[in-house]
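Enquirer: To be precise about what I am sending: the file is called start-v2.pdb and holds PDB, C-alpha atoms and all ligand atoms.
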```
ATOM      1  CA  MET A   1       5.757   1.284 -23.995
ATOM      2  CA  ASN A   2       9.442   1.963 -23.514
ATOM      3  CA  LEU A   3       9.816   1.982 -19.725
ATOM      4  CA  ILE A   4      12.932   3.584 -18.271
ATOM      5  CA  ILE A   5      13.477   3.680 -14.497
ATOM      6  CA  ARG A   6      16.369   5.801 -13.240
ATOM      7  CA  PRO A   7      17.466   7.865 -10.223
ATOM      8  CA  LEU A   8      16.438  11.519  -9.898
ATOM      9  CA  LYS A   9      19.492  13.646 -10.696
ATOM     10  CA  SER A  10      18.565  17.217 -11.609
ATOM     11  CA  ALA A  11      16.255  20.153 -10.897
ATOM     12  CA  GLU A  12      14.262  19.249 -14.047
ATOM     13  CA  ASP A  13      13.804  15.730 -12.693
ATOM     14  CA  GLY A  14      12.497  17.286  -9.471
ATOM     15  CA  ARG A  15       9.861  19.170 -11.479
ATOM     16  CA  ASP A  16       8.909  15.968 -13.323
ATOM     17  CA  LEU A  17       8.326  14.371  -9.942
ATOM     18  CA  GLU A  18       6.073  17.254  -8.840
ATOM     19  CA  GLU A  19       3.968  16.836 -11.989
ATOM     20  CA  ILE A  20       3.632  13.078 -11.615
ATOM     21  CA  SER A  21       2.673  13.540  -7.996
ATOM     22  CA  MET A  22      -0.043  16.117  -8.738
ATOM     23  CA  ALA A  23      -1.537  13.830 -11.375
ATOM     24  CA  ALA A  24      -1.300  10.645  -9.282
ATOM     25  CA  TRP A  25      -3.090  12.140  -6.260
ATOM     26  CA  GLY A  26      -5.338  14.601  -8.074
ATOM     27  CA  SER A  27      -3.720  17.339  -6.012
ATOM     28  CA  ASP A  28      -3.534  21.091  -6.565
ATOM     29  CA  GLY A  29       0.141  21.053  -5.625
ATOM     30  CA  LEU A  30       0.028  21.941  -1.944
ATOM     31  CA  ASP A  31       0.673  18.350  -0.799
ATOM     32  CA  VAL A  32       3.382  17.687  -3.360
ATOM     33  CA  ILE A  33       7.000  17.091  -2.347
ATOM     34  CA  PRO A  34       8.942  20.112  -3.675
ATOM     35  CA  GLY A  35      11.410  19.337  -6.461
ATOM     36  CA  HIS A  36      14.248  21.105  -4.642
ATOM     37  CA  LEU A  37      13.746  18.859  -1.604
ATOM     38  CA  SER A  38      13.800  15.750  -3.799
ATOM     39  CA  LEU A  39      17.040  16.904  -5.358
ATOM     40  CA  THR A  40      18.654  17.610  -1.988
ATOM     41  CA  VAL A  41      17.703  14.182  -0.666
ATOM     42  CA  ALA A  42      18.600  12.257  -3.804
ATOM     43  CA  LYS A  43      21.807  14.006  -4.729
ATOM     44  CA  GLU A  44      23.553  14.775  -1.487
ATOM     45  CA  ASN A  45      21.850  13.171   1.459
ATOM     46  CA  GLY A  46      21.299   9.504   0.903
ATOM     47  CA  GLY A  47      17.893   8.872  -0.544
ATOM     48  CA  VAL A  48      16.482   6.528  -3.127
ATOM     49  CA  ILE A  49      14.298   8.510  -5.475
ATOM     50  CA  LEU A  50      13.556   6.829  -8.771
ATOM     51  CA  LEU A  51      11.622   8.189 -11.731
ATOM     52  CA  ALA A  52       9.843   6.167 -14.399
ATOM     53  CA  TYR A  53       9.500   7.396 -17.972
ATOM     54  CA  ASP A  54       7.717   6.064 -21.019
ATOM     55  CA  ASP A  55      10.394   7.217 -23.489
ATOM     56  CA  ASP A  56      10.706  10.805 -22.256
ATOM     57  CA  ARG A  57       7.242  11.113 -20.690
ATOM     58  CA  PRO A  58       7.370  11.146 -16.853
ATOM     59  CA  ILE A  59       4.867   8.578 -15.566
ATOM     60  CA  GLY A  60       5.866   7.402 -12.082
ATOM     61  CA  PHE A  61       8.216   7.710  -9.135
ATOM     62  CA  CYS A  62       9.149   6.375  -5.718
ATOM     63  CA  TRP A  63      10.628   8.546  -2.980
ATOM     64  CA  GLY A  64      12.581   7.180  -0.015
ATOM     65  CA  PHE A  65      15.440   8.034   2.313
ATOM     66  CA  TRP A  66      17.763   6.131   4.623
ATOM     67  CA  ALA A  67      16.537   6.181   8.213
ATOM     68  CA  TYR A  68      18.182   5.021  11.439
ATOM     69  CA  VAL A  69      15.991   2.761  13.611
ATOM     70  CA  GLU A  70      16.959   3.636  17.161
ATOM     71  CA  GLU A  71      15.574   0.572  18.968
ATOM     72  CA  LEU A  72      17.111  -1.949  16.542
ATOM     73  CA  GLN A  73      20.271   0.096  15.898
ATOM     74  CA  THR A  74      19.994  -0.558  12.174
ATOM     75  CA  TRP A  75      19.319   1.371   9.023
ATOM     76  CA  LYS A  76      16.375   0.987   6.702
ATOM     77  CA  CYS A  77      14.847   2.690   3.687
ATOM     78  CA  ALA A  78      11.847   4.801   4.717
ATOM     79  CA  SER A  79       9.884   5.033   1.502
ATOM     80  CA  HIS A  80       7.556   7.996   1.711
ATOM     81  CA  GLN A  81       5.637   7.861  -1.546
ATOM     82  CA  ALA A  82       5.185   6.034  -4.826
ATOM     83  CA  GLY A  83       2.918   7.295  -7.566
ATOM     84  CA  VAL A  84       1.902   6.547 -11.128
ATOM     85  CA  ILE A  85      -0.114   8.920 -13.333
ATOM     86  CA  PRO A  86      -3.753   7.807 -13.819
ATOM     87  CA  GLU A  87      -3.392   6.787 -17.468
ATOM     88  CA  TYR A  88      -0.663   4.267 -16.556
ATOM     89  CA  LYS A  89      -2.120   2.888 -13.304
ATOM     90  CA  GLY A  90      -2.822  -0.826 -12.980
ATOM     91  CA  LYS A  91      -0.341  -1.748 -15.747
ATOM     92  CA  GLY A  92       2.494  -3.040 -13.618
ATOM     93  CA  ILE A  93       4.510   0.206 -13.549
ATOM     94  CA  GLY A  94       4.206   0.666  -9.752
ATOM     95  CA  GLY A  95       5.494  -2.886  -9.300
ATOM     96  CA  ARG A  96       8.454  -2.337 -11.626
ATOM     97  CA  ILE A  97       9.385   0.863  -9.764
ATOM     98  CA  LYS A  98       9.204  -0.844  -6.344
ATOM     99  CA  TRP A  99      11.312  -3.829  -7.480
ATOM    100  CA  ALA A 100      13.907  -1.358  -8.780
ATOM    101  CA  GLN A 101      13.794   0.419  -5.407
ATOM    102  CA  ARG A 102      14.405  -2.930  -3.692
ATOM    103  CA  GLU A 103      17.468  -3.627  -5.859
ATOM    104  CA  TYR A 104      18.881  -0.177  -5.220
ATOM    105  CA  THR A 105      18.332  -0.476  -1.460
ATOM    106  CA  LEU A 106      19.895  -3.961  -1.261
ATOM    107  CA  GLN A 107      22.899  -2.674  -3.189
ATOM    108  CA  LYS A 108      23.345   0.000  -0.532
ATOM    109  CA  GLY A 109      23.423  -2.758   2.101
ATOM    110  CA  PHE A 110      19.987  -2.306   3.704
ATOM    111  CA  ASP A 111      17.503  -5.159   3.928
ATOM    112  CA  ARG A 112      14.344  -3.472   5.200
ATOM    113  CA  MET A 113      11.997  -0.911   3.702
ATOM    114  CA  THR A 114       8.906   0.578   5.320
ATOM    115  CA  TRP A 115       6.119   2.808   4.083
ATOM    116  CA  THR A 116       2.487   3.581   4.735
ATOM    117  CA  PHE A 117      -0.655   3.271   2.657
ATOM    118  CA  ASP A 118      -4.396   3.475   3.100
ATOM    119  CA  PRO A 119      -5.633  -0.105   3.669
ATOM    120  CA  LEU A 120      -8.959   0.749   2.034
ATOM    121  CA  GLU A 121      -7.196   1.441  -1.269
ATOM    122  CA  THR A 122      -7.122  -2.094  -2.621
ATOM    123  CA  MET A 123      -4.974  -1.254  -5.622
ATOM    124  CA  ASN A 124      -2.246  -0.186  -3.195
ATOM    125  CA  ALA A 125      -2.795  -3.279  -1.040
ATOM    126  CA  SER A 126      -2.749  -5.418  -4.141
ATOM    127  CA  LEU A 127       0.634  -4.021  -5.102
ATOM    128  CA  ASN A 128       2.197  -3.747  -1.647
ATOM    129  CA  ILE A 129       1.020  -6.913   0.065
ATOM    130  CA  ARG A 130      -0.085  -9.294  -2.687
ATOM    131  CA  LYS A 131       2.527  -8.572  -5.366
ATOM    132  CA  LEU A 132       5.561  -7.313  -3.427
ATOM    133  CA  GLY A 133       5.200  -9.389  -0.236
ATOM    134  CA  ALA A 134       5.272  -6.477   2.211
ATOM    135  CA  VAL A 135       3.510  -7.322   5.496
ATOM    136  CA  CYS A 136       1.786  -5.245   8.136
ATOM    137  CA  ASN A 137       1.224  -5.399  11.864
ATOM    138  CA  THR A 138       1.119  -1.666  12.586
ATOM    139  CA  TYR A 139      -1.883   0.628  12.205
ATOM    140  CA  TYR A 140      -1.843   4.417  12.481
ATOM    141  CA  LYS A 141      -5.090   6.228  13.134
ATOM    142  CA  ASN A 142      -5.555   9.482  11.173
ATOM    143  CA  LEU A 143      -1.779   9.674  10.605
ATOM    144  CA  TYR A 144      -1.676  12.735   8.361
ATOM    145  CA  GLY A 145      -4.766  14.477   9.703
ATOM    146  CA  HIS A 146      -6.986  16.126   7.121
ATOM    147  CA  MET A 147      -5.720  15.987   3.521
ATOM    148  CA  ASP A 148      -7.396  17.818   0.702
ATOM    149  CA  ASP A 149      -6.478  15.842  -2.395
ATOM    150  CA  GLU A 150      -9.127  13.893  -4.294
ATOM    151  CA  LEU A 151      -8.216  10.499  -2.857
ATOM    152  CA  ASN A 152      -8.130  11.529   0.811
ATOM    153  CA  ARG A 153     -10.707  14.306   1.078
ATOM    154  CA  GLY A 154     -13.463  13.729   3.651
ATOM    155  CA  ILE A 155     -11.964  10.603   5.293
ATOM    156  CA  GLU A 156      -9.521  10.347   8.179
ATOM    157  CA  THR A 157      -6.081   9.326   6.959
ATOM    158  CA  ASP A 158      -5.604   5.958   8.690
ATOM    159  CA  ARG A 159      -2.633   4.005   7.373
ATOM    160  CA  PHE A 160      -1.037   0.574   7.374
ATOM    161  CA  SER A 161       2.696   0.779   8.007
ATOM    162  CA  VAL A 162       4.248  -2.092   6.062
ATOM    163  CA  ASP A 163       7.588  -3.842   6.398
ATOM    164  CA  TRP A 164       9.289  -5.108   3.267
ATOM    165  CA  TRP A 165      11.987  -7.595   4.257
ATOM    166  CA  LEU A 166      13.980  -7.211   1.086
ATOM    167  CA  ALA A 167      16.319 -10.192   1.370
ATOM    168  CA  SER A 168      13.789 -12.685   2.772
ATOM    169  CA  ASP A 169      12.632 -15.879   1.023
ATOM    170  CA  TRP A 170       9.108 -14.553   1.458
ATOM    171  CA  VAL A 171       9.799 -11.483  -0.684
ATOM    172  CA  GLN A 172      11.927 -13.483  -3.147
ATOM    173  CA  SER A 173       9.009 -15.890  -3.700
ATOM    174  CA  HIS A 174       6.892 -12.871  -4.640
ATOM    175  CA  ALA A 175       9.650 -11.549  -6.936
ATOM    176  CA  ASP A 176       9.813 -14.956  -8.650
ATOM    177  CA  ASN A 177       6.020 -15.207  -8.787
ATOM    178  CA  ASN A 178       6.422 -18.564  -7.145
ATOM    179  CA  ARG A 179       4.129 -18.803  -4.160
ATOM    180  CA  GLN A 180       0.868 -20.392  -3.114
ATOM    181  CA  ILE A 181      -2.068 -18.123  -3.914
ATOM    182  CA  PRO A 182      -4.756 -18.530  -1.232
ATOM    183  CA  THR A 183      -8.483 -18.329  -1.978
ATOM    184  CA  VAL A 184     -11.275 -17.353   0.395
ATOM    185  CA  ASP A 185     -12.663 -20.909   0.220
ATOM    186  CA  SER A 186      -9.306 -22.540   0.948
ATOM    187  CA  VAL A 187      -8.757 -20.302   3.994
ATOM    188  CA  LEU A 188     -12.261 -20.987   5.346
ATOM    189  CA  GLU A 189     -11.940 -24.748   4.685
ATOM    190  CA  GLN A 190      -8.770 -24.736   6.794
ATOM    191  CA  GLY A 191     -10.623 -23.164   9.723
ATOM    192  CA  GLY A 192     -10.030 -19.478   9.013
ATOM    193  CA  MET A 193     -12.465 -16.948  10.412
ATOM    194  CA  LEU A 194     -14.331 -14.279   8.418
ATOM    195  CA  LEU A 195     -14.508 -11.079  10.458
ATOM    196  CA  ASN A 196     -17.033  -9.134   8.412
ATOM    197  CA  GLN A 197     -19.135  -9.083   5.288
ATOM    198  CA  SER A 198     -20.575  -6.431   3.030
ATOM    199  CA  CYS A 199     -24.105  -5.704   1.884
ATOM    200  CA  LEU A 200     -25.768  -3.105  -0.295
ATOM    201  CA  LYS A 201     -27.360  -0.244   1.665
ATOM    202  CA  ASP A 202     -28.955   2.625  -0.276
ATOM    203  CA  GLY A 203     -26.909   1.622  -3.327
ATOM    204  CA  ALA A 204     -23.536   1.660  -1.542
ATOM    205  CA  LEU A 205     -21.516  -1.361  -0.438
ATOM    206  CA  SER A 206     -21.583  -1.218   3.377
ATOM    207  CA  PRO A 207     -19.757  -3.145   6.117
ATOM    208  CA  GLN A 208     -21.381  -5.594   8.531
ATOM    209  CA  ARG A 209     -19.546  -7.027  11.499
ATOM    210  CA  LEU A 210     -19.403 -10.819  12.027
ATOM    211  CA  ALA A 211     -16.875 -10.733  14.883
ATOM    212  CA  THR A 212     -16.098  -8.321  17.697
ATOM    213  CA  PRO A 213     -12.582  -7.242  18.710
ATOM    214  CA  ALA A 214     -12.985  -9.389  21.858
ATOM    215  CA  ASP A 215     -13.483 -12.509  19.673
ATOM    216  CA  LEU A 216      -9.957 -12.143  18.340
ATOM    217  CA  ALA A 217      -8.325 -13.148  21.617
ATOM    218  CA  HIS A 218      -9.284 -16.795  20.898
ATOM    219  CA  ALA A 219      -9.550 -16.785  17.129
ATOM    220  CA  PRO A 220      -7.918 -19.291  14.726
ATOM    221  CA  GLN A 221      -4.558 -18.933  12.936
ATOM    222  CA  HIS A 222      -6.049 -17.229   9.883
ATOM    223  CA  LEU A 223      -8.489 -14.344   9.624
ATOM    224  CA  LEU A 224     -10.180 -12.768   6.617
ATOM    225  CA  LEU A 225     -11.451  -9.210   6.445
ATOM    226  CA  GLN A 226     -13.462  -7.777   3.565
ATOM    227  CA  VAL A 227     -12.846  -4.360   2.043
ATOM    228  CA  PRO A 228     -14.545  -2.829  -1.013
ATOM    229  CA  ARG A 229     -12.591  -3.196  -4.230
ATOM    230  CA  ASP A 230     -13.548   0.330  -5.271
ATOM    231  CA  PHE A 231     -13.384   2.480  -2.151
ATOM    232  CA  GLN A 232     -13.359   5.763  -4.114
ATOM    233  CA  GLY A 233     -16.524   4.574  -5.906
ATOM    234  CA  VAL A 234     -18.185   3.873  -2.542
ATOM    235  CA  LYS A 235     -17.228   7.375  -1.366
ATOM    236  CA  LYS A 236     -18.769   8.899  -4.493
ATOM    237  CA  ILE A 237     -22.107   7.176  -3.798
ATOM    238  CA  SER A 238     -22.047   7.959  -0.089
ATOM    239  CA  LEU A 239     -19.263   9.693   1.815
ATOM    240  CA  GLN A 240     -20.906   8.521   5.056
ATOM    241  CA  THR A 241     -20.532   4.886   3.946
ATOM    242  CA  GLY A 242     -16.857   5.602   3.263
ATOM    243  CA  VAL A 243     -16.537   6.911   6.802
ATOM    244  CA  ASP A 244     -18.375   3.797   8.093
ATOM    245  CA  TRP A 245     -15.811   1.571   6.329
ATOM    246  CA  ARG A 246     -12.980   3.563   7.894
ATOM    247  CA  LEU A 247     -14.336   3.207  11.427
ATOM    248  CA  HIS A 248     -15.392  -0.414  10.982
ATOM    249  CA  THR A 249     -12.046  -1.576   9.573
ATOM    250  CA  ARG A 250     -10.077   0.582  12.013
ATOM    251  CA  GLU A 251     -11.613  -1.346  14.906
ATOM    252  CA  LEU A 252     -10.941  -4.777  13.389
ATOM    253  CA  PHE A 253      -7.455  -4.043  12.022
ATOM    254  CA  THR A 254      -6.397  -2.598  15.367
ATOM    255  CA  ALA A 255      -7.773  -5.611  17.235
ATOM    256  CA  ALA A 256      -6.105  -8.075  14.850
ATOM    257  CA  PHE A 257      -2.684  -6.462  15.271
ATOM    258  CA  ALA A 258      -3.118  -6.196  19.051
ATOM    259  CA  ASN A 259      -3.760  -9.958  19.115
ATOM    260  CA  GLY A 260      -0.568 -10.886  17.261
ATOM    261  CA  TYR A 261      -1.849 -11.121  13.692
ATOM    262  CA  THR A 262       0.004  -9.891  10.600
ATOM    263  CA  ALA A 263      -1.625  -8.943   7.300
ATOM    264  CA  ILE A 264       0.168 -11.154   4.750
ATOM    265  CA  ASP A 265      -1.983 -11.168   1.630
ATOM    266  CA  LEU A 266      -4.873  -9.621  -0.246
ATOM    267  CA  ILE A 267      -7.219 -12.005  -2.024
ATOM    268  CA  LEU A 268      -8.680 -10.260  -5.052
ATOM    269  CA  GLY A 269     -12.400 -10.244  -5.750
ATOM    270  CA  ASP A 270     -15.162  -7.997  -6.965
ATOM    271  CA  PRO A 271     -16.963  -6.133  -5.407
ATOM    272  CA  VAL A 272     -14.857  -7.041  -2.359
ATOM    273  CA  CYS A 273     -11.277  -8.105  -1.680
ATOM    274  CA  HIS A 274     -10.177  -9.968   1.465
ATOM    275  CA  TYR A 275      -7.168  -9.239   3.626
ATOM    276  CA  LEU A 276      -5.586 -12.425   4.955
ATOM    277  CA  PHE A 277      -4.064 -12.317   8.445
ATOM    278  CA  LYS A 278      -1.884 -14.940  10.079
ATOM    279  CA  LYS A 279      -1.145 -15.240  13.791
ATOM    280  CA  ASN A 280       2.499 -15.098  14.932
ATOM    281  CA  TRP A 281       3.738 -14.834  11.356
ATOM    282  CA  LYS A 282       7.516 -15.039  10.808
ATOM    283  CA  PHE A 283       9.267 -14.771   7.464
TER     284      PHE A 283
HETATM  285  C1  LIG A 301      -0.468   2.807  -5.829
HETATM  286  C2  LIG A 301       0.150   2.987  -7.192
HETATM  287  C3  LIG A 301       1.541   3.573  -7.052
HETATM  288  C4  LIG A 301       0.277   1.588  -7.855
HETATM  289  O1  LIG A 301       0.889   1.702  -9.113
HETATM  290  P1  LIG A 301       0.357   0.817 -10.324
HETATM  291  O2  LIG A 301       1.264   0.990 -11.472
HETATM  292  O3  LIG A 301      -1.071   1.122 -10.538
HETATM  293  O4  LIG A 301       0.542  -0.650  -9.683
HETATM  294  P2  LIG A 301       0.666  -2.061 -10.421
HETATM  295  O5  LIG A 301      -0.091  -2.045 -11.709
HETATM  296  O6  LIG A 301       2.103  -2.477 -10.474
HETATM  297  O7  LIG A 301      -0.027  -3.004  -9.344
HETATM  298  C5  LIG A 301      -1.376  -2.860  -9.025
HETATM  299  C6  LIG A 301      -2.039  -4.230  -9.041
HETATM  300  O8  LIG A 301      -3.361  -4.081  -8.526
HETATM  301  C7  LIG A 301      -4.308  -4.607  -9.440
HETATM  302  N1  LIG A 301      -5.497  -3.779  -9.298
HETATM  303  C8  LIG A 301      -5.945  -2.800 -10.093
HETATM  304  N2  LIG A 301      -7.070  -2.265  -9.552
HETATM  305  C9  LIG A 301      -7.289  -2.912  -8.403
HETATM  306  C10 LIG A 301      -8.275  -2.800  -7.381
HETATM  307  N3  LIG A 301      -9.252  -1.900  -7.439
HETATM  308  N4  LIG A 301      -8.199  -3.649  -6.324
HETATM  309  C11 LIG A 301      -7.226  -4.560  -6.242
HETATM  310  N5  LIG A 301      -6.251  -4.709  -7.172
HETATM  311  C12 LIG A 301      -6.298  -3.885  -8.239
HETATM  312  C13 LIG A 301      -3.630  -4.465 -10.786
HETATM  313  O9  LIG A 301      -4.200  -5.351 -11.716
HETATM  314  C14 LIG A 301      -2.198  -4.838 -10.429
HETATM  315  O10 LIG A 301      -2.033  -6.217 -10.252
HETATM  316  P3  LIG A 301      -1.436  -7.176 -11.445
HETATM  317  O11 LIG A 301      -0.103  -6.605 -11.830
HETATM  318  O12 LIG A 301      -1.351  -8.520 -10.787
HETATM  319  O13 LIG A 301      -2.435  -7.106 -12.549
HETATM  320  C15 LIG A 301      -0.728   3.859  -8.124
HETATM  321  O14 LIG A 301      -1.976   3.255  -8.273
HETATM  322  C16 LIG A 301      -0.911   5.285  -7.615
HETATM  323  O15 LIG A 301      -0.160   6.163  -8.003
HETATM  324  N6  LIG A 301      -1.932   5.561  -6.747
HETATM  325  C17 LIG A 301      -2.196   6.926  -6.243
HETATM  326  C18 LIG A 301      -1.132   7.387  -5.285
HETATM  327  C19 LIG A 301      -0.973   6.440  -4.106
HETATM  328  O16 LIG A 301      -1.936   6.088  -3.449
HETATM  329  N7  LIG A 301       0.287   6.025  -3.836
HETATM  330  C20 LIG A 301       0.600   5.049  -2.804
HETATM  331  C21 LIG A 301       0.706   5.584  -1.428
HETATM  332  S1  LIG A 301       2.176   6.530  -1.195
END
```
So, in terms of C-alpha cells, how does the structure I just supplied come out?

Expert:
Amino acid sequence: MNLIIRPLKSAEDGRDLEEISMAAWGSDGLDVIPGHLSLTVAKENGGVILLAYDDDRPIGFCWGFWAYVEELQTWKCASHQAGVIPEYKGKGIGGRIKWAQREYTLQKGFDRMTWTFDPLETMNASLNIRKLGAVCNTYYKNLYGHMDDELNRGIETDRFSVDWWLASDWVQSHADNNRQIPTVDSVLEQGGMLLNQSCLKDGALSPQRLATPADLAHAPQHLLLQVPRDFQGVKKISLQTGVDWRLHTRELFTAAFANGYTAIDLILGDPVCHYLFKKNWKF
C-alpha cells in the first residue's frame, strides 16, 4: 500500500470524500457531508479535512473545524467524522489519519480535539480510546435521533463525546506506543469492580447487570464494563438484544460519568471487550 494523507483542496476531493463516506457507513448518500460544504470549510473557513489515498484510490478521511469554546474561552478542533472504506478497515489507516489530524491541529496552535462515537462500536473505541488516548466523561443520549444508514439503523444514536488532549504526556505515550497495557485480571486484582457481564440468550450475546447505578457512589477507583466485540453481529442475530445493550450500557455509562469516572481505555477481548474507567482522572 502506498498511503498518502493530504488536505482536501478541490471540488474533486470533495466528491472523493462523499464516496468514501457512503462506503464507510453503508449509506445511500442522504447522511453524507456534501462535497461543496467540505470545500468551503477546508479552503476558506478554517477546518482540518484530510483525505487518505492508496496511490490514487480514495480510502479514508477525517473532517473537523475550529470551534470556540465559550465557557473556557479557548479554541479547539471539533472533529465531526472519520471514515475508512470497508476493505481497508482495521489496518491502521484510521489511526494514521487521526495522528496526521493531531499534527495539523497542533501546528495551528490548538491543543484539544473533540468528537463523538458510538461506545458500542468497539473498533471505534479501540482506535479512539485505546490507540489514540482520547478520554471520555460525557455521554449524549440519542444525539442524532434516528439515522438510516446500515450501522445506525434501528438503534438510538447514543454517543461518547471524547476529549483528545493533543499535547499531553498521556496522548504522547500513546503516540510512542509506550504505556502500560492493563488486563482485566490486573484491574480486578487491584480492587477494580466489574459492572456487568454477558451471557448467551437465544444465540445472541446479552448483557447482565452486576452493579446498579446507586452502587457507583461508593465504588473503587477503577471500574470495568463489558461490551460485545461485534455489536453489528449481535444486531443481526437480534435487534432487540442490540437495543438491550444500548439501554443497559446507557444506564451504567451515565452513572459512571455522574460519579466522577472517566473512560480511559478499552481492553480487547473476544467475544467481549472491557471499558476501563478511573475516578477523578487527570492527564
Ligand atoms: C472507525 C474507523 C474510522 C476506524 O478506522 P480503521 O482504519 O479501521 O482504524 P485502525 O485500524 O487504525 O484502528 C482500529 C483498531 O481496532 C482494532 N479492531 C478491529 N476490529 C475490532 C473490534 N471489533 N473491536 C475492537 N478492536 C478492533 C484493529 O485491530 C485496530 O487496532 P490495531 O491497530 O492495534 O490492530 C473505521 O472503522 C470506520 O470508517 N468505521 C465506520 C464509520 C465510523 O463509525 N466512523 C467513526 C465515527 S465518526

Enquirer: For a cut-off of 9 Å around (-15.2, -5.7, 19.4), file coordinates, pick out all residues using all atoms listed in the file and list them as a PDB file with C-alpha atoms, in the frame of the given file.

Expert:
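selection34.pdb, freshly written:
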```pdb
ATOM      1  CA  ALA A 211     -16.875 -10.733  14.883  1.00  0.00           C
ATOM      2  CA  THR A 212     -16.098  -8.321  17.697  1.00  0.00           C
ATOM      3  CA  PRO A 213     -12.582  -7.242  18.710  1.00  0.00           C
ATOM      4  CA  ALA A 214     -12.985  -9.389  21.858  1.00  0.00           C
ATOM      5  CA  ASP A 215     -13.483 -12.509  19.673  1.00  0.00           C
ATOM      6  CA  LEU A 216      -9.957 -12.143  18.340  1.00  0.00           C
ATOM      7  CA  GLU A 251     -11.613  -1.346  14.906  1.00  0.00           C
ATOM      8  CA  LEU A 252     -10.941  -4.777  13.389  1.00  0.00           C
ATOM      9  CA  ALA A 255      -7.773  -5.611  17.235  1.00  0.00           C
TER      10      ALA A 255
END
```

Enquirer: Using all atoms listed in the file, which residues have at least one atom no more than 9 Å from ligand LIG 301 (chain A)? Output them as a ChimeraX atom specification.

Expert: /A:20-21,23-26,60-63,79-86,88-98,115-118,121-128,130-131,151,228-231,266-270,272-273

Enquirer: Would you put the residues from that selection into a file with C-alpha atoms, as a compact mmCIF listing (two decimals), keeping the file's coordinate frame?

Expert:
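As written to disk, selection16.txt reads:
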```
# COMPACT_ATOMS: atom_id res chain seq x y z
CA ILE A 20 3.63 13.08 -11.62
CA SER A 21 2.67 13.54 -8.00
CA ALA A 23 -1.54 13.83 -11.38
CA ALA A 24 -1.30 10.64 -9.28
CA TRP A 25 -3.09 12.14 -6.26
CA GLY A 26 -5.34 14.60 -8.07
CA GLY A 60 5.87 7.40 -12.08
CA PHE A 61 8.22 7.71 -9.14
CA CYS A 62 9.15 6.38 -5.72
CA TRP A 63 10.63 8.55 -2.98
CA SER A 79 9.88 5.03 1.50
CA HIS A 80 7.56 8.00 1.71
CA GLN A 81 5.64 7.86 -1.55
CA ALA A 82 5.18 6.03 -4.83
CA GLY A 83 2.92 7.30 -7.57
CA VAL A 84 1.90 6.55 -11.13
CA ILE A 85 -0.11 8.92 -13.33
CA PRO A 86 -3.75 7.81 -13.82
CA TYR A 88 -0.66 4.27 -16.56
CA LYS A 89 -2.12 2.89 -13.30
CA GLY A 90 -2.82 -0.83 -12.98
CA LYS A 91 -0.34 -1.75 -15.75
CA GLY A 92 2.49 -3.04 -13.62
CA ILE A 93 4.51 0.21 -13.55
CA GLY A 94 4.21 0.67 -9.75
CA GLY A 95 5.49 -2.89 -9.30
CA ARG A 96 8.45 -2.34 -11.63
CA ILE A 97 9.38 0.86 -9.76
CA LYS A 98 9.20 -0.84 -6.34
CA TRP A 115 6.12 2.81 4.08
CA THR A 116 2.49 3.58 4.74
CA PHE A 117 -0.66 3.27 2.66
CA ASP A 118 -4.40 3.48 3.10
CA GLU A 121 -7.20 1.44 -1.27
CA THR A 122 -7.12 -2.09 -2.62
CA MET A 123 -4.97 -1.25 -5.62
CA ASN A 124 -2.25 -0.19 -3.20
CA ALA A 125 -2.80 -3.28 -1.04
CA SER A 126 -2.75 -5.42 -4.14
CA LEU A 127 0.63 -4.02 -5.10
CA ASN A 128 2.20 -3.75 -1.65
CA ARG A 130 -0.08 -9.29 -2.69
CA LYS A 131 2.53 -8.57 -5.37
CA LEU A 151 -8.22 10.50 -2.86
CA PRO A 228 -14.54 -2.83 -1.01
CA ARG A 229 -12.59 -3.20 -4.23
CA ASP A 230 -13.55 0.33 -5.27
CA PHE A 231 -13.38 2.48 -2.15
CA LEU A 266 -4.87 -9.62 -0.25
CA ILE A 267 -7.22 -12.00 -2.02
CA LEU A 268 -8.68 -10.26 -5.05
CA GLY A 269 -12.40 -10.24 -5.75
CA ASP A 270 -15.16 -8.00 -6.96
CA VAL A 272 -14.86 -7.04 -2.36
CA CYS A 273 -11.28 -8.10 -1.68
```

Enquirer: Name the residues in contact with A:Gln190 at a cut-off of 12 Å, using only C-alpha atoms, excluding same-chain residues fewer than 6 positions from it; report them as a list in words.

Expert: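 Listing them by chain and then by number gives Pro182, Thr183, Val184, Pro220, Gln221, His222 and Leu223 of chain A.
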
Enquirer: Could you give me, as number ranges by chain, the residues within 12 Å of A:Tyr68, counting all atoms listed in the file and dropping anything in the same chain fewer than 4 positions from it?

Expert: A: 46, 72-78, 110, 112-114

Enquirer: If I take atom CA of A:Ile59 and atom CA of A:Ile5, how far is one from the other in Å, to one decimal?

Expert: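 For atom CA of A:Ile59 relative to atom CA of A:Ile5, the distance reads 10.0 Å.
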
Enquirer: Starting from the shown file, work through the PyMOL selection byres (((chain A and resi 43) around 12) and not hetatm) and note down what comes out as a ChimeraX atom specification.

Expert: /A:7-11,13-14,35-42,44-50,65

Enquirer: For a quick check of understanding, using only C-alpha atoms, which of A:Asp55, A:Asp148, A:Asp163, A:Asp176 has the smallest distance to A:Gly29?

Expert: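 For A:Gly29, the nearest of the given residues is A:Asp148.
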
Enquirer: Nearest to A:Leu239 among A:Ala258, A:Ala204, A:Leu195, A:Ile264, with distances taken over only C-alpha atoms: which residue is it?

Expert: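 Of A:Ala258, A:Ala204, A:Leu195, A:Ile264, the one nearest A:Leu239, counting only C-alpha atoms, is A:Ala204.
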
Enquirer: Return the single residue from A:Gln107, A:Asn2, A:Ser173, A:Thr262 that is closest to A:Val135, with distances computed using only C-alpha atoms.

Expert: A:Thr262

Enquirer: Rounded to one decimal, what separation in Å do you get between atom CA of A:Gly145 and atom CA of A:Arg159?

Expert: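 Between these atoms lies a distance of 10.9 Å.
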
Enquirer: For the provided coordinates, the residues matched by the PyMOL selection byres (((chain A and resi 257) around 10) and not hetatm) should be stated as a PyMOL selection string.

Expert: chain A and resi 136-139+216+252-256+258-263+277-279

Enquirer: What is the atom CA of A:Leu276 to atom CA of A:Val227 distance in Å?

Expert: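 Separating atom CA of A:Leu276 from atom CA of A:Val227 is a distance of 11.2 Å.
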
Enquirer: Enclose all atoms of stretch 1-10 of chain A listed in the file in an axis-aligned box, grow every side by 6 Å, and hand back centre and edge lengths in Å to one decimal, as AutoDock Vina command-line options.

Expert:
```
--center_x 12.6 --center_y 9.3 --center_z -16.9 --size_x 25.7 --size_y 27.9 --size_z 26.1
```
